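**Q** Attaching a single structure in structure tokens format; questions to follow.
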Amino acid sequence: MDALDKVIKPKTKRAKRFLEKREPKVSENVKTAMLIKGGNANATVTQALRDVYALKKPYGVLYKKKNITRPFEDQTSLEFFSKKSDCSLFMFGSHNKKRPNNLVIGRMYDYHVLDMIELGIEKFVSLKDIKTSKCPEGTKPMLIFAGDDFDVTEDYRRLKSLLIDFFRGPTVSNVRLAGLEYVLHFTALNGKVYFRSYKLLLKKSGCRTPRIELEEMGPSMDLVLRRTHLASDDLYKLSMKMPKALKPKKRKNISQDTFGTTFGRIHMQKQDLSKLQTRKMKGLKKRPAEAGTEDQGEPSKRIKRN
């Protein structure tokens, strides 16, 4: 038996809980992100990582020390950190003359890099530079994507999927109106991605539905797409595979459209519409003149007299 095939048995209750937490689950945990800065990260990249970490709390791990690695050349360091901190998402920041203010955002599958996209920061406004009230930690954001590129271009389509994975937060069954506190807005226009963050203000409107105003909260970034490392279609399909226990059971004659509206088909026996009881209306009654013309067409009947 090889060393890799050995089953690790926990010796303490704490180790048992740790291994149970790492076991595969039917409903997976909330995806955690690790934010790593490279060996030559400047102040802009460092602050951008801190601001993204502030939005991701408590589902994020910020590495404060510099790590000399290049994700597109060697991915072993990222895979090691992913297994160590049990993170399936990552953001790596670096800076050099060829690629200034560089961010690499990506995700893991089975502790191996699935896909990653490199973005360059052209304009950056920090969270602390905008002097407004911020949202509390752990607030689930609303995500808005604007621009045709997110639906047309393959790179932008995969970037949209990656950003949704990165910022979506925990899955909830119900939504409370007061819990909708901030919006992350992504706009794809002229080869750039504009990232904005707004706080939602509910104002009095004189009716039951409040009037909504948006107040910029920060951070704010103008990003440009650089290199990409995308998974093959087969691997991407495998990573999206749903367990049998979560697959909804097929129900006959019931379907749903893209908006989630349920449609049902009912099978009935053929009806005789001539026997159908309808509402009697005065306008549909035959007039005496019409009744007389119908009687003329019929053969006359002899009346017997006693």
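We name chains A, B, ... following the order of the structure tokens; residues begin at 1 in each chain, and ligands are numbered from 1 as shown.
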I want to know what sits within 8 Å of Phe124 (chain A), based on only C-alpha atoms, with residues of the same chain fewer than 4 positions away left out; could you give that as a CSV table (one decimal) with N, CA, C and O atoms, in the first residue's frame?
**A**
chain,number,residue,atom,x,y,z
A,44,THR,N,-0.5,50.7,-4.4
A,44,THR,CA,-1.8,50.6,-5.0
A,44,THR,C,-2.3,49.2,-5.0
A,44,THR,O,-3.5,49.0,-4.6
A,48,ALA,N,-5.5,47.8,-2.8
A,48,ALA,CA,-6.6,47.1,-3.6
A,48,ALA,C,-7.0,45.8,-3.0
A,48,ALA,O,-8.1,45.4,-2.8
A,219,PRO,N,-14.5,50.3,-2.9
A,219,PRO,CA,-13.5,50.9,-3.8
A,219,PRO,C,-14.0,51.0,-5.2
A,219,PRO,O,-15.1,50.5,-5.6
A,220,SER,N,-13.3,51.8,-6.0
A,220,SER,CA,-13.6,52.0,-7.4
A,220,SER,C,-12.4,51.7,-8.2
A,220,SER,O,-11.3,52.2,-7.9
A,221,MET,N,-12.5,50.9,-9.3
A,221,MET,CA,-11.4,50.5,-10.1
A,221,MET,C,-11.8,50.5,-11.6
A,221,MET,O,-12.9,50.1,-12.0
A,222,ASP,N,-10.9,51.0,-12.4
A,222,ASP,CA,-11.0,50.8,-13.9
A,222,ASP,C,-10.0,49.7,-14.3
A,222,ASP,O,-8.7,49.9,-14.1
**Q** Give me every alpha helix (DSSP H) residue in region 81-124 of chain A, going by DSSP on the backbone, as a list in words.
**A**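 These are the residues in question: Phe81, Ser82, Lys83, Lys84 and Ser85 of chain A.
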**Q** Go ahead and write the residues just picked, all heavy atoms, as a short mmCIF file (atom, residue, chain, number, x, y, z; two decimals), in the first residue's frame.
**A**
data_model
loop_
_atom_site.label_atom_id
_atom_site.label_comp_id
_atom_site.auth_asym_id
_atom_site.auth_seq_id
_atom_site.Cartn_x
_atom_site.Cartn_y
_atom_site.Cartn_z
N PHE A 81 -1.07 26.93 -0.93
CA PHE A 81 -1.81 27.84 -0.05
C PHE A 81 -3.30 27.50 -0.04
O PHE A 81 -3.98 27.63 0.98
CB PHE A 81 -1.61 29.29 -0.49
CG PHE A 81 -0.24 29.84 -0.19
CD1 PHE A 81 0.50 30.49 -1.17
CD2 PHE A 81 0.32 29.70 1.07
CE1 PHE A 81 1.76 30.99 -0.90
CE2 PHE A 81 1.58 30.20 1.35
CZ PHE A 81 2.31 30.85 0.36
N SER A 82 -3.83 27.07 -1.18
CA SER A 82 -5.25 26.70 -1.26
C SER A 82 -5.57 25.52 -0.36
O SER A 82 -6.60 25.52 0.34
CB SER A 82 -5.61 26.37 -2.71
OG SER A 82 -6.90 25.84 -2.81
N LYS A 83 -4.68 24.52 -0.37
CA LYS A 83 -4.90 23.34 0.48
C LYS A 83 -4.68 23.68 1.95
O LYS A 83 -5.39 23.17 2.84
CB LYS A 83 -3.96 22.22 0.04
CG LYS A 83 -4.41 20.85 0.48
CD LYS A 83 -3.73 19.77 -0.32
CE LYS A 83 -4.34 18.41 -0.03
NZ LYS A 83 -3.73 17.34 -0.83
N LYS A 84 -3.73 24.57 2.21
CA LYS A 84 -3.41 24.93 3.60
C LYS A 84 -4.55 25.71 4.25
O LYS A 84 -4.92 25.45 5.41
CB LYS A 84 -2.12 25.75 3.62
CG LYS A 84 -1.66 26.13 5.02
CD LYS A 84 -0.39 26.98 4.95
CE LYS A 84 0.04 27.42 6.34
NZ LYS A 84 1.25 28.29 6.29
N SER A 85 -5.13 26.66 3.52
CA SER A 85 -6.17 27.52 4.08
C SER A 85 -7.58 27.11 3.66
O SER A 85 -8.54 27.78 4.04
CB SER A 85 -5.93 28.97 3.67
OG SER A 85 -5.83 29.08 2.27
#
**Q** Could you tell me which of A:Glu122, A:Asp51, A:Asp234, A:Asp115 comes closest to Met217 (chain A) if we count only C-alpha atoms?
**A**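 Of A:Glu122, A:Asp51, A:Asp234, A:Asp115, the one nearest Met217 (chain A), counting only C-alpha atoms, is A:Asp51.
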**Q** Could you pull the residues within 12 Å of Pro210 (chain A), counting only C-alpha atoms, minus those fewer than 3 positions along the same chain, as number ranges by chain?
**A** A: 177-178, 200-207, 213
**Q** Considering only C-alpha atoms, can you say which of A:Pro136, A:Arg158, A:Leu35, A:Leu223 comes closest to Leu119 (chain A)?
**A** A:Leu223
**Q** Between A:Ala188, A:Met268, A:Asn174, A:Glu20, single out the one closest to Ile8 (chain A), counting only C-alpha atoms.
**A**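 Among the listed residues, the smallest separation from Ile8 (chain A) belongs to A:Glu20.
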**Q** Got a sec: who's within 12 Å of Gly60 (chain A), counting only C-alpha atoms, leaving out chain neighbours fewer than 3 positions off, as a ChimeraX atom specification?
**A** /A:30-36,49-57,63,82,85-91,137-138,166-167,169
**Q** Closest to Glu216 (chain A) among A:Lys160, A:His95, A:Arg17, A:His185, using only C-alpha atoms?
**A** A:His185
**Q** List the spatial neighbours of Phe263 (chain A) as a list of chain:residue names - criterion: any atom at most 6 Å away, only C-alpha atoms, same-chain residues fewer than 2 positions off excluded.
**A** A:Ile254, A:Ser255, A:Gln256
**Q** What would the file look like if the residues just selected were written as a PDB file, in the first residue's frame with N, CA, C and O atoms?
**A**
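Generated output (part_38.pdb):
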ATOM      1  N   ILE A 254     -44.855  19.176 -16.056  1.00  0.00           N
ATOM      2  CA  ILE A 254     -44.538  20.424 -15.356  1.00  0.00           C
ATOM      3  C   ILE A 254     -43.204  20.946 -15.886  1.00  0.00           C
ATOM      4  O   ILE A 254     -42.227  20.202 -15.959  1.00  0.00           O
ATOM      5  N   SER A 255     -43.186  22.201 -16.283  1.00  0.00           N
ATOM      6  CA  SER A 255     -41.976  22.803 -16.835  1.00  0.00           C
ATOM      7  C   SER A 255     -41.804  24.206 -16.274  1.00  0.00           C
ATOM      8  O   SER A 255     -42.750  24.786 -15.714  1.00  0.00           O
ATOM      9  N   GLN A 256     -40.600  24.751 -16.437  1.00  0.00           N
ATOM     10  CA  GLN A 256     -40.288  26.102 -15.984  1.00  0.00           C
ATOM     11  C   GLN A 256     -39.600  26.861 -17.094  1.00  0.00           C
ATOM     12  O   GLN A 256     -38.816  26.291 -17.859  1.00  0.00           O
TER      13      GLN A 256
END
